[in-house]
Structures are given as C-alpha cells and as structure tokens.
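Student: Below is model.txt; it holds compact mmCIF, C-alpha atoms.
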```txt
# COMPACT_ATOMS: atom_id res chain seq x y z
CA ALA A 1 -6.38 -135.23 44.00
CA GLU A 2 -6.59 -131.49 43.55
CA GLU A 3 -10.05 -130.26 42.76
CA GLN A 4 -10.39 -128.98 39.21
CA LYS A 5 -11.68 -125.43 38.96
CA GLU A 6 -15.05 -125.23 37.43
CA ALA A 7 -15.27 -123.27 34.14
CA PRO A 8 -17.41 -120.12 34.35
CA LYS A 9 -20.83 -120.47 32.92
CA LEU A 10 -22.22 -118.18 30.19
CA ASP A 11 -24.83 -116.88 32.56
CA ASP A 12 -22.18 -115.61 35.00
CA VAL A 13 -20.06 -113.79 32.27
CA GLU A 14 -21.10 -110.22 31.46
CA ILE A 15 -22.06 -109.80 27.82
CA PHE A 16 -20.53 -106.59 26.26
CA ASP A 17 -22.19 -104.90 23.29
CA PHE A 18 -19.45 -103.26 21.17
CA SER A 19 -21.91 -101.62 18.74
CA LYS A 20 -22.96 -99.07 21.35
CA ALA A 21 -20.85 -95.92 21.85
CA LYS A 22 -18.95 -95.58 25.06
CA LYS A 23 -20.42 -93.11 27.49
CA LYS A 24 -18.24 -90.07 28.14
CA LYS A 25 -17.57 -88.97 31.66
CA LYS A 26 -18.82 -85.55 32.62
CA LYS A 27 -16.11 -82.98 33.27
CA THR A 28 -15.91 -81.40 36.63
CA THR A 29 -16.83 -77.77 37.19
CA LYS A 30 -13.39 -76.91 38.53
CA ASP A 31 -11.63 -77.70 35.21
CA SER A 32 -14.12 -75.64 33.18
CA SER A 33 -13.80 -72.61 35.47
CA GLU A 34 -9.97 -72.69 35.27
CA LYS A 35 -10.05 -72.84 31.45
CA LYS A 36 -12.40 -69.85 31.28
CA LYS A 37 -10.04 -67.82 33.48
CA LYS A 38 -7.06 -68.69 31.21
CA ALA A 39 -8.99 -67.67 28.06
CA LYS A 40 -9.87 -64.30 29.58
CA LYS A 41 -6.21 -63.66 30.45
CA VAL A 42 -5.08 -64.45 26.85
CA LYS A 43 -7.72 -62.12 25.36
CA GLY A 44 -6.66 -59.29 27.65
CA SER A 45 -2.98 -59.66 26.70
CA THR A 46 -3.74 -59.69 22.92
CA GLU A 47 -5.88 -56.55 23.19
CA GLU A 48 -3.08 -54.73 25.03
CA LYS A 49 -0.56 -55.76 22.34
CA THR A 50 -2.79 -54.50 19.48
CA GLU A 51 -3.29 -51.16 21.24
CA THR A 52 0.45 -50.66 21.72
CA THR A 53 1.27 -51.55 18.09
CA SER A 54 -1.40 -49.17 16.74
CA GLU A 55 -0.02 -46.33 18.88
CA GLU A 56 3.52 -47.03 17.68
CA ILE A 57 2.42 -46.97 14.02
CA LYS A 58 0.67 -43.63 14.51
CA THR A 59 3.61 -41.99 16.23
CA SER A 60 6.37 -43.32 13.93
CA SER A 61 6.55 -42.02 10.33
CA PRO A 62 9.28 -42.82 7.73
CA ALA A 63 9.83 -39.15 6.88
CA LYS A 64 10.57 -38.06 10.45
CA GLU A 65 12.36 -41.20 11.59
CA LYS A 66 16.15 -40.95 11.93
CA LEU A 67 18.64 -43.78 11.62
CA THR A 68 21.90 -44.02 13.47
CA THR A 69 25.17 -45.59 12.35
CA GLU A 70 27.83 -47.33 14.40
CA ASN A 71 29.69 -44.03 14.89
CA GLY A 72 26.55 -42.37 16.26
CA ASP A 73 25.84 -40.14 13.24
CA HIS A 74 22.19 -39.45 12.44
CA TYR A 75 20.81 -39.61 8.88
CA ALA A 76 17.40 -38.20 8.05
CA TYR A 77 15.22 -39.62 5.29
CA GLN A 78 15.87 -36.75 2.85
CA GLU A 79 19.62 -36.87 3.51
CA MET A 80 19.67 -40.58 2.63
CA LEU A 81 17.82 -39.93 -0.64
CA ASP A 82 20.29 -37.18 -1.56
CA ARG A 83 23.18 -39.47 -0.75
CA ILE A 84 21.81 -42.23 -3.04
CA THR A 85 21.29 -39.83 -5.94
CA ASN A 86 24.81 -38.44 -5.57
CA LEU A 87 26.33 -41.93 -5.57
CA LEU A 88 24.24 -42.84 -8.60
CA ASN A 89 25.37 -39.77 -10.53
CA THR A 90 29.05 -40.36 -9.73
CA ASN A 91 29.25 -44.13 -10.24
CA ASN A 92 26.56 -44.81 -12.91
CA PRO A 93 25.72 -41.64 -14.82
CA GLN A 94 24.02 -43.66 -17.58
CA LEU A 95 21.26 -44.78 -15.22
CA ALA A 96 20.73 -41.34 -13.72
CA VAL A 97 20.39 -39.43 -17.01
CA HIS A 98 18.03 -40.74 -19.69
CA LYS A 99 19.31 -40.04 -23.19
CA LYS A 100 16.84 -39.88 -26.03
CA THR A 101 17.92 -41.85 -29.09
CA VAL A 102 16.96 -40.41 -32.46
CA MET A 103 16.54 -42.85 -35.35
CA LYS A 104 16.68 -41.87 -38.99
CA THR A 105 13.50 -42.11 -41.01
CA PRO A 106 13.48 -44.98 -43.54
CA GLN A 107 13.90 -43.88 -47.16
CA VAL A 108 11.62 -45.93 -49.40
CA ILE A 109 11.30 -45.53 -53.18
CA LYS A 110 9.39 -47.41 -55.86
CA ILE A 111 11.52 -49.40 -58.29
CA THR A 112 8.75 -50.78 -60.48
CA GLY A 113 4.99 -51.09 -60.20
CA LYS A 114 5.21 -54.12 -57.88
CA ARG A 115 8.46 -53.55 -55.96
CA SER A 116 9.83 -51.07 -53.42
CA ALA A 117 13.37 -50.42 -52.17
CA TRP A 118 14.48 -49.44 -48.67
CA ILE A 119 17.63 -47.41 -49.36
CA ASN A 120 19.11 -46.74 -45.89
CA PHE A 121 18.40 -50.24 -44.53
CA GLN A 122 22.04 -51.09 -43.75
CA GLU A 123 22.63 -47.73 -42.05
CA ILE A 124 19.65 -48.18 -39.70
CA CYS A 125 20.74 -51.74 -38.83
CA SER A 126 24.22 -50.49 -37.88
CA MET A 127 22.69 -47.74 -35.70
CA MET A 128 20.61 -50.36 -33.84
CA HIS A 129 23.61 -52.77 -33.61
CA ARG A 130 21.54 -55.56 -35.13
CA GLN A 131 22.24 -58.05 -37.91
CA PRO A 132 20.52 -57.21 -41.22
CA GLU A 133 19.29 -60.82 -41.60
CA HIS A 134 17.35 -60.60 -38.33
CA VAL A 135 15.77 -57.26 -39.25
CA LEU A 136 14.95 -58.55 -42.75
CA GLN A 137 13.15 -61.58 -41.31
CA PHE A 138 11.09 -59.38 -38.97
CA VAL A 139 10.14 -56.90 -41.71
CA ALA A 140 9.10 -59.69 -44.07
CA THR A 141 6.86 -61.32 -41.46
CA GLU A 142 5.26 -58.03 -40.38
CA LEU A 143 4.58 -56.79 -43.91
CA ASN A 144 3.53 -60.28 -45.09
CA THR A 145 5.69 -60.13 -48.19
CA ASP A 146 8.99 -61.28 -49.68
CA ALA A 147 12.18 -59.32 -48.92
CA VAL A 148 15.63 -59.70 -50.54
CA MET A 149 18.93 -57.87 -50.08
CA GLY A 150 19.78 -56.03 -53.27
CA ALA A 151 22.72 -54.01 -54.55
CA ASP A 152 24.29 -51.28 -52.36
CA GLN A 153 22.89 -53.02 -49.25
CA GLN A 154 19.31 -52.04 -50.10
CA LEU A 155 16.26 -54.03 -49.02
CA ILE A 156 13.96 -54.85 -51.92
CA LEU A 157 10.35 -55.55 -50.93
CA LYS A 158 7.68 -57.09 -53.09
CA GLY A 159 4.71 -54.72 -53.14
CA LYS A 160 3.91 -51.03 -52.89
CA PHE A 161 5.00 -49.54 -49.56
CA ILE A 162 5.36 -46.00 -48.26
CA PRO A 163 7.78 -44.76 -45.54
CA LYS A 164 4.95 -44.63 -42.97
CA HIS A 165 4.45 -48.43 -43.21
CA ILE A 166 8.17 -49.13 -42.78
CA GLU A 167 8.42 -46.65 -39.89
CA SER A 168 5.66 -48.40 -37.90
CA VAL A 169 7.35 -51.79 -38.41
CA LEU A 170 10.73 -50.36 -37.40
CA ARG A 171 9.24 -48.83 -34.23
CA HIS A 172 7.77 -52.22 -33.29
CA TYR A 173 11.16 -53.89 -33.83
CA ILE A 174 12.97 -51.33 -31.64
CA GLN A 175 10.42 -51.78 -28.86
CA GLU A 176 10.67 -55.59 -28.93
CA TYR A 177 14.32 -56.34 -29.84
CA VAL A 178 16.36 -53.19 -29.02
CA THR A 179 14.91 -51.39 -25.98
CA CYS A 180 15.65 -52.80 -22.51
CA GLN A 181 12.52 -53.42 -20.47
CA MET A 182 14.24 -52.69 -17.14
CA CYS A 183 15.89 -49.29 -17.73
CA ARG A 184 14.43 -48.39 -21.19
CA ASN A 185 17.93 -47.99 -22.64
CA THR A 186 18.81 -48.81 -26.25
CA ASN A 187 22.46 -49.69 -25.57
CA THR A 188 21.83 -53.44 -25.90
CA THR A 189 23.24 -56.42 -27.78
CA LEU A 190 21.40 -59.40 -29.27
CA ASN A 191 23.15 -62.79 -29.26
CA LYS A 192 21.97 -66.27 -30.24
CA ASP A 193 22.52 -69.25 -27.96
CA PRO A 194 23.77 -72.19 -30.09
CA THR A 195 22.43 -74.87 -27.74
CA THR A 196 18.85 -73.59 -27.30
CA ARG A 197 18.74 -71.56 -30.58
CA THR A 198 17.08 -68.64 -28.82
CA TYR A 199 18.08 -64.98 -28.88
CA TYR A 200 19.06 -63.20 -25.65
CA MET A 201 19.21 -59.42 -25.27
CA HIS A 202 21.85 -58.02 -22.88
CA CYS A 203 21.73 -54.44 -21.63
CA ALA A 204 25.07 -52.66 -21.13
CA ALA A 205 23.59 -50.03 -18.77
CA CYS A 206 21.76 -52.11 -16.12
CA MET A 207 23.45 -55.47 -16.99
CA SER A 208 20.10 -57.27 -17.32
CA THR A 209 19.50 -60.18 -19.71
CA ARG A 210 16.24 -61.48 -21.14
CA SER A 211 15.09 -63.76 -23.93
CA VAL A 212 13.19 -62.32 -26.90
CA HIS A 213 10.37 -63.77 -28.96
CA VAL A 214 11.17 -66.03 -31.89
CA ILE A 215 10.31 -64.64 -35.32
CA LYS A 216 8.05 -67.10 -37.07
CA ALA A 217 8.24 -67.83 -40.80
CA GLY A 218 6.42 -65.20 -42.79
CA PHE A 219 4.42 -65.16 -46.00
CA HIS A 220 6.01 -66.57 -49.13
CA ALA A 221 4.45 -65.45 -52.40
CA VAL A 222 4.24 -68.06 -55.15
CA ALA A 223 5.43 -66.87 -58.55
CA ARG A 224 3.95 -67.81 -61.93
CA GLY A 225 6.74 -70.26 -62.77
CA GLU A 226 6.42 -72.00 -59.38
CA ARG A 227 2.69 -72.46 -59.94
CA ARG A 228 3.36 -74.04 -63.35
CA LYS A 229 5.88 -76.46 -61.82
CA ALA A 230 3.44 -77.39 -59.06
CA ARG A 231 0.68 -78.13 -61.64
CA GLN A 232 3.01 -80.27 -63.76
CA LEU A 233 4.13 -82.26 -60.73
CA PHE A 234 0.50 -82.77 -59.62
CA THR A 235 -0.57 -84.05 -63.07
CA ALA A 236 2.45 -86.40 -63.24
CA VAL A 237 1.52 -87.92 -59.84
CA ILE A 238 -2.09 -88.50 -60.96
CA ILE A 239 -1.02 -90.18 -64.23
CA SER A 240 1.40 -92.48 -62.40
CA GLN A 241 -1.33 -93.52 -59.95
CA LYS A 242 -3.75 -94.33 -62.83
CA GLU A 243 -1.14 -96.47 -64.58
CA PHE A 244 -0.36 -98.33 -61.35
CA PHE A 245 -4.01 -99.25 -60.67
```
Rewrite the coordinates I just gave you, this time as structure tokens.

Tutor:
Amino acid sequence: AEEQKEAPKLDDVEIFDFSKAKKKKKKTTKDSSEKKKKAKKVKGSTEEKTETTSEEIKTSSPAKEKLTTENGDHYAYQEMLDRITNLLNTNNPQLAVHKKTVMKTPQVIKITGKRSAWINFQEICSMMHRQPEHVLQFVATELNTDAVMGADQQLILKGKFIPKHIESVLRHYIQEYVTCQMCRNTNTTLNKDPTTRTYYMHCAACMSTRSVHVIKAGFHAVARGERRKARQLFTAVIISQKEFF
C-alpha cells in the first residue's frame, strides 16, 4: 500500500501576524540619483521658457505690432481703428452718433383742494412710445396715490402735486422702462409676453432685448363710503356669529 503523507504539524508551519505592517524595501542609490538628474533637467527647461516669454512680452506691443492679410498687405493698429470707425459710420450711423432726446416738462394744475391734473400726459406717453395704462400704474405706485384717466386724456391724481414731483417720477420711468442699458438709446419698444406675463424691452438701434421689472400694486386710498360699507359688513358678521352660538 502507498504510504500516506503525514500532515504538517502546527509547530512546523510558520505563523504570520497580519496586524503588523509590511516592511518596505529600501530603494537603491542608483534610482534616486537618476531621478534627481531628471528633476534638474526639467527645472532648467522651465526657467529657459519663462525667460523667453518675458523677453517676447517686453519686445512686442499692440500699438507697434502689424498684422498681415492673405494678400500680404500690412495693417497698423491705428489704421484698423480708423477702418472700424468708418464702417460703423457708414453702416450703423445710429450707434456712432449719440442723439440727445428732449422730453417735455409735465404740466400739472390743481383742480380742487385734494386733486391734481396732469394735462399733457397722453402727449408724453406718445413721445415715449408707451401705453398710458403702464405709465399710469407706475406713477400711481411711485406717488402712493390713486390715479384715473379723465377727460381730454388727462391724468387725475388724488393729492397735491407740483411739476417737480411728476418730473422726478417720469425721469425714473424713462431710465427703467425706456432707455436701453446697452447703447443708452431711447428708440425702444415695450411688449408683453402672453405666456409668461412679463414685459420685454427691445432696442431698435443695437437689437438687444431684456426683461423689465414688474410694477407691483400701489396704494389704494379708502373713501368715506367704503369705510362705512366695511363697518356695516363687520357688524353684520358679528351679529350672525352671536345668533349662531
């Protein structure tokens, strides 16, 4: 019969301790010396590159530099600027020349002791190319009062106001809803998007479009008759609650 191999005893098997960290082998001196030589070479090349780039920046300047086209013609910096201005004046004269728009001063008179009338309201709205309802809403919110369109397209305001107050409000409206922020031109249109219900201002000079701020609901003064109705309704609600309980 074949002899069965004896199983190794525990004393003969080497016991490994996995909790201890494995000892790292020491690197040879040859590898370390080669790496140091490579690092020195890389540093030398980077220093040479930085020196060359700094010299190129000092020598080259945008004013003196000339550009060449495919035909071999040379264009200096000043010649290119003159060429751009000439093309701008010929193709888009509105952007090259800034025209100053003059707005009429608002004419405000007192109707009674508690009301004022803005006479040339419709004329100023047509000069700005804006709807009177939008301007009315802005004026009412800024002055914190009630405003109604009266006869002869006049704006009737509740309260005592002078032309200086209306002029400051009108200047704020022109800055926010008439003047283009890109080219500072007043040749703009204001349209409302039906889906988002927001107003967008489009400039006819630079063809830019931006959204404007929404005018929030302003102050609504309560009249004497409205106060009386509110009191009567409040007392009727209290009486009905007492009867119910």

Student: Pull the neighbourhood of (2.4, -55.2, -43.1) for me: all residues within 6 Å in file coordinates, counting all atoms listed in the file, as a list in words.

Tutor: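 Result, sorted by chain then residue number: Glu142, Leu143 and Asn144 of chain A.
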
Student: When distances are computed from all atoms listed in the file, which of A:Ile119, A:Ala147, A:Ile215, A:Ile156 shows the smallest separation from Thr198 (chain A)?

Tutor: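 Closest to Thr198 (chain A) of all the choices is A:Ile215.
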
Student: Using only C-alpha atoms, can you tell me which of A:Gln232, A:Ser240, A:Ser116, A:Asn89 comes closest to His165 (chain A)?

Tutor: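 Among the listed residues, the smallest separation from His165 (chain A) belongs to A:Ser116.
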
Student: Just give me the gap between CA of Met201 (chain A) and CA of Thr179 (chain A) in Å, one decimal is fine.

Tutor: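 Separating CA of Met201 (chain A) from CA of Thr179 (chain A) is a distance of 9.1 Å.
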
Student: Under the rule that all atoms listed in the file are counted, which of A:Arg228, A:Arg197, A:His202, A:Lys100 is the nearest residue to Gln181 (chain A)?

Tutor: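 The answer is A:His202, which sits nearest to Gln181 (chain A).
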
Student: When you look at Ile162 (chain A) with a cut-off of 12 Å (counting only C-alpha atoms), what residues show up, excluding the ones that are within fewer than 5 positions of it in the same chain? I need them as a PDB file with C-alpha atoms, keeping the file's coordinate frame.

Tutor:
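Below you can see out.pdb, which holds the result:
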```pdb
ATOM      1  CA  THR A 105      13.500 -42.110 -41.010  1.00  0.00           C
ATOM      2  CA  PRO A 106      13.480 -44.980 -43.540  1.00  0.00           C
ATOM      3  CA  GLN A 107      13.900 -43.880 -47.160  1.00  0.00           C
ATOM      4  CA  VAL A 108      11.620 -45.930 -49.400  1.00  0.00           C
ATOM      5  CA  ILE A 109      11.300 -45.530 -53.180  1.00  0.00           C
ATOM      6  CA  LYS A 110       9.390 -47.410 -55.860  1.00  0.00           C
ATOM      7  CA  ARG A 115       8.460 -53.550 -55.960  1.00  0.00           C
ATOM      8  CA  SER A 116       9.830 -51.070 -53.420  1.00  0.00           C
ATOM      9  CA  ALA A 117      13.370 -50.420 -52.170  1.00  0.00           C
ATOM     10  CA  TRP A 118      14.480 -49.440 -48.670  1.00  0.00           C
ATOM     11  CA  LEU A 143       4.580 -56.790 -43.910  1.00  0.00           C
ATOM     12  CA  LEU A 157      10.350 -55.550 -50.930  1.00  0.00           C
ATOM     13  CA  GLU A 167       8.420 -46.650 -39.890  1.00  0.00           C
ATOM     14  CA  SER A 168       5.660 -48.400 -37.900  1.00  0.00           C
ATOM     15  CA  VAL A 169       7.350 -51.790 -38.410  1.00  0.00           C
TER      16      VAL A 169
END
```

Student: Determine the nearest neighbour of Thr145 (chain A) from the options A:Lys158, A:Asn92, A:Thr235, A:Arg130, counting all atoms listed in the file.

Tutor: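 Of A:Lys158, A:Asn92, A:Thr235, A:Arg130, the one nearest Thr145 (chain A) is A:Lys158, counting all atoms listed in the file.
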
Student: With only C-alpha atoms as the basis for distance, which of A:Phe138, A:Tyr177, A:Tyr200, A:Phe121 is at the shortest distance from Gly150 (chain A)?

Tutor: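 Of A:Phe138, A:Tyr177, A:Tyr200, A:Phe121, the one nearest Gly150 (chain A), counting only C-alpha atoms, is A:Phe121.
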
Student: May I have the protein, DNA and RNA residues with an atom at most 12 Å from (25.5, -52.5, -21.5), counting only C-alpha atoms in the file's coordinates, returned as a ChimeraX atom specification?

Tutor: /A:92,94-95,178-180,183-190,201-209

Student: Please put the answer as AutoDock Vina command-line options: centre and edge lengths, in Å with one decimal, of a box along x, y and z that encloses all listed atoms of region 173-180 of chain A plus 8 Å on each side.

Tutor:
```
--center_x 13.4 --center_y -53.8 --center_z -28.2 --size_x 21.9 --size_y 21.0 --size_z 27.3
```

Student: Kindly indicate which residue among A:Val148, A:Ile239, A:Leu170, A:Ile111 lies nearest to Cys125 (chain A), using only C-alpha atoms for the distances.

Tutor: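 Smallest separation from Cys125 (chain A) among the options: A:Leu170.
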
Student: Please indicate the distance in Å from CA of Lys164 (chain A) to CA of Asn191 (chain A), rounded to one decimal place.

Tutor: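 These atoms are spaced 29.1 Å apart.
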
Student: Give me, please, the distance in Å between CA of Glu176 (chain A) and CA of Asn91 (chain A), quoted to one decimal.

Tutor: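 These two atoms are separated by 28.7 Å.
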